[in-house]
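J.: After the structure tokens below, expect a handful of questions from me.
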Amino acid sequence: MEIIFKKAEISDIKIILVMMSEFYTHEKLDYNQSVLQSALEGLINNGSAGEVRVINYGSNIAGYFVLTFTYSLEYGGKNALLDELYVRENFRGKGIGRQVLSFIEEFCREKSIHAIHLQVKKFNPLAKRLYTAVGFEEVDRVFMTKVLF
């Protein structure tokens with residue numbers, strides 16, 4: 001089955017928000033639709049900040065991912081953060097996640113992005129195993145956050 005990574009448009013926001021709700025429930029994250037919708041619209045409208053892609057598996061919507069762009073002296077300049085990657089439950093186990101990661105790596109190389117970062121919850125060993133299998137490594141850093149909204 002063919003997988004297409006369609007660049008999200010404003011008309012995709014409704015279905016992406018549905019999938020975000022599924023993802024946030026699965027990951028036990030706070031889901032604030034108005035905040036997320038505003039952030040999603042901002043990202044879709046500002047291509048310099050990142051990319052939102054809808055994952056199409058044949059004629060079905062199988063998930064989405066969000067890649068944002070950063071800059072780091074430590075990593076030699078432009079970097080990317082794989083902010084969210086979600087494959088809907090009935091599409092898991094088909095190699096979609098691996099294909100997403102391959103697409104992201106190729107995309108980043110074409111854009112001269114020097115590193116890709118991501119976060120994975122400790123309680124998600126399947127995701128951690130996938131990320132490790134394609135070359136992601138734990139680094140000697142602790143990701144810290146201060147929420148300002």
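Note on naming: chains are A, B, ... as they come in the structure tokens, residues start from 1 per chain, ligands start from 1 in the order shown.
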Neighbouring residues of stretch 87-101 of chain A were defined as those with any atom within 10 Å, considering only C-alpha atoms; residues of the same chain fewer than 2 positions away were excluded. Please report them as a VMD selection string.
T.: chain A and resid 1 3 to 5 19 22 to 23 26 53 55 to 57 60 to 65 82 85 103 to 107 127 130 to 131 133 to 134
J.: What's around A:Ile113 at 7 Å? Count only C-alpha atoms, leave out sequence neighbours fewer than 4 positions away in its own chain, and write the answer as a ChimeraX atom specification.
T.: /A:78-80,108-109
J.: Compile the contact shell of A:Val66 as a list in words: residues with an atom at most 6 Å away, counting only C-alpha atoms, same-chain residues fewer than 2 positions apart removed.
T.: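 Close residues of A:Val66: Glu51, Val52, Asp83 and Glu84 of chain A.
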J.: Taking the DSSP assignment computed from this structure's backbone, write out as number ranges by chain all residues of chain A that belong to alpha helix (DSSP H).
T.: A: 13-27, 33-45, 96-110, 125-133
J.: Got time to write the residues from that selection, C-alpha atoms, as a PDB file, in the first residue's frame?
T.:
ATOM      1  CA  ILE A  13      -7.098  21.008  10.741  1.00  0.00           C
ATOM      2  CA  LYS A  14     -10.364  19.302  11.742  1.00  0.00           C
ATOM      3  CA  ILE A  15      -9.065  15.757  11.109  1.00  0.00           C
ATOM      4  CA  ILE A  16      -5.653  16.569  12.591  1.00  0.00           C
ATOM      5  CA  LEU A  17      -7.340  17.781  15.784  1.00  0.00           C
ATOM      6  CA  VAL A  18      -9.289  14.508  15.976  1.00  0.00           C
ATOM      7  CA  MET A  19      -6.026  12.579  15.689  1.00  0.00           C
ATOM      8  CA  MET A  20      -4.333  14.895  18.180  1.00  0.00           C
ATOM      9  CA  SER A  21      -7.085  14.106  20.666  1.00  0.00           C
ATOM     10  CA  GLU A  22      -6.457  10.376  20.131  1.00  0.00           C
ATOM     11  CA  PHE A  23      -2.688  10.879  20.486  1.00  0.00           C
ATOM     12  CA  TYR A  24      -2.949  13.053  23.592  1.00  0.00           C
ATOM     13  CA  THR A  25      -5.275  10.521  25.229  1.00  0.00           C
ATOM     14  CA  HIS A  26      -2.836   7.700  24.404  1.00  0.00           C
ATOM     15  CA  GLU A  27       0.147   9.670  25.735  1.00  0.00           C
ATOM     16  CA  GLN A  33      -8.302  22.167  21.724  1.00  0.00           C
ATOM     17  CA  SER A  34      -8.327  25.961  21.423  1.00  0.00           C
ATOM     18  CA  VAL A  35      -4.615  26.258  22.281  1.00  0.00           C
ATOM     19  CA  LEU A  36      -3.690  23.362  19.990  1.00  0.00           C
ATOM     20  CA  GLN A  37      -5.832  24.625  17.115  1.00  0.00           C
ATOM     21  CA  SER A  38      -4.255  28.070  17.302  1.00  0.00           C
ATOM     22  CA  ALA A  39      -0.743  26.592  17.400  1.00  0.00           C
ATOM     23  CA  LEU A  40      -1.549  24.228  14.535  1.00  0.00           C
ATOM     24  CA  GLU A  41      -2.950  27.043  12.378  1.00  0.00           C
ATOM     25  CA  GLY A  42       0.134  29.134  13.120  1.00  0.00           C
ATOM     26  CA  LEU A  43       2.472  26.339  12.090  1.00  0.00           C
ATOM     27  CA  ILE A  44       0.570  25.523   8.906  1.00  0.00           C
ATOM     28  CA  ASN A  45       0.549  29.209   7.940  1.00  0.00           C
ATOM     29  CA  ILE A  96       4.422   3.318   8.661  1.00  0.00           C
ATOM     30  CA  GLY A  97       6.430   4.763  11.567  1.00  0.00           C
ATOM     31  CA  ARG A  98       9.684   3.554  10.044  1.00  0.00           C
ATOM     32  CA  GLN A  99       8.729   5.090   6.673  1.00  0.00           C
ATOM     33  CA  VAL A 100       7.833   8.387   8.371  1.00  0.00           C
ATOM     34  CA  LEU A 101      11.244   8.497  10.040  1.00  0.00           C
ATOM     35  CA  SER A 102      12.999   7.706   6.757  1.00  0.00           C
ATOM     36  CA  PHE A 103      11.035  10.473   5.006  1.00  0.00           C
ATOM     37  CA  ILE A 104      11.887  12.947   7.788  1.00  0.00           C
ATOM     38  CA  GLU A 105      15.591  12.098   7.631  1.00  0.00           C
ATOM     39  CA  GLU A 106      15.699  12.555   3.848  1.00  0.00           C
ATOM     40  CA  PHE A 107      13.673  15.788   4.099  1.00  0.00           C
ATOM     41  CA  CYS A 108      16.061  17.164   6.734  1.00  0.00           C
ATOM     42  CA  ARG A 109      19.160  16.250   4.736  1.00  0.00           C
ATOM     43  CA  GLU A 110      17.711  18.093   1.705  1.00  0.00           C
ATOM     44  CA  PRO A 125       9.014   0.929  24.906  1.00  0.00           C
ATOM     45  CA  LEU A 126       7.669   0.202  21.385  1.00  0.00           C
ATOM     46  CA  ALA A 127       8.274   3.778  20.241  1.00  0.00           C
ATOM     47  CA  LYS A 128      11.666   3.859  21.949  1.00  0.00           C
ATOM     48  CA  ARG A 129      12.656   0.615  20.209  1.00  0.00           C
ATOM     49  CA  LEU A 130      11.625   2.045  16.814  1.00  0.00           C
ATOM     50  CA  TYR A 131      13.577   5.262  17.335  1.00  0.00           C
ATOM     51  CA  THR A 132      16.666   3.364  18.493  1.00  0.00           C
ATOM     52  CA  ALA A 133      16.431   0.989  15.513  1.00  0.00           C
TER      53      ALA A 133
END
J.: Counting only C-alpha atoms, which residue out of A:Asp12, A:Asp30, A:Glu2, A:Glu138 sits closest to A:Lys122?
T.: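 Nearest to A:Lys122: A:Glu138.
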J.: By how many Å are atom CA of A:Val142 and atom CA of A:Gly76 apart?
T.: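 Straight-line distance from atom CA of A:Val142 to atom CA of A:Gly76 works out to 19.9 Å.
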J.: Between A:Phe149, A:Phe69, A:Phe143, A:Tyr86, which one has atoms that come closest to A:Ile116, using only C-alpha atoms?
T.: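 Of A:Phe149, A:Phe69, A:Phe143, A:Tyr86, the one nearest A:Ile116 is A:Phe69, counting only C-alpha atoms.
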J.: As an exercise, work out the distance from atom CA of A:Glu137 to atom CA of A:Ser72 in Å and give it to one decimal place.
T.: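 So the two atoms, atom CA of A:Glu137 and atom CA of A:Ser72, lie 17.6 Å apart.
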J.: Run DSSP on the backbone and tell me which residues of stretch 3-124 of chain A come out as strand (DSSP E or B); list them as number ranges by chain.
T.: A: 3-7, 50-57, 60-72, 77-87, 115-118
J.: Here is a test: counting only C-alpha atoms, which residue of A:Ser59, A:Thr145, A:Ser112, A:Asn46 is nearest to A:Tyr71?
T.: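 Distance minimum relative to A:Tyr71 lands on A:Ser112.
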J.: Which residue, A:Ala8, A:Ala115, A:Val147, A:Ala49, has the smallest gap to A:Glu74 when you use only C-alpha atoms?
T.: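 Of A:Ala8, A:Ala115, A:Val147, A:Ala49, the one nearest A:Glu74 is A:Ala115, counting only C-alpha atoms.
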J.: Using only C-alpha atoms, which of A:Gly135, A:Leu148, A:Asp140, A:Tyr75 sits nearest A:His114?
T.: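 Looking at the shortest contact to A:His114, the residue is A:Tyr75.
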J.: Just how far from atom CA of A:Leu67 is atom CA of A:Leu29, in Å to one decimal?
T.: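 Rounded to one decimal, the two atoms are 18.4 Å apart.
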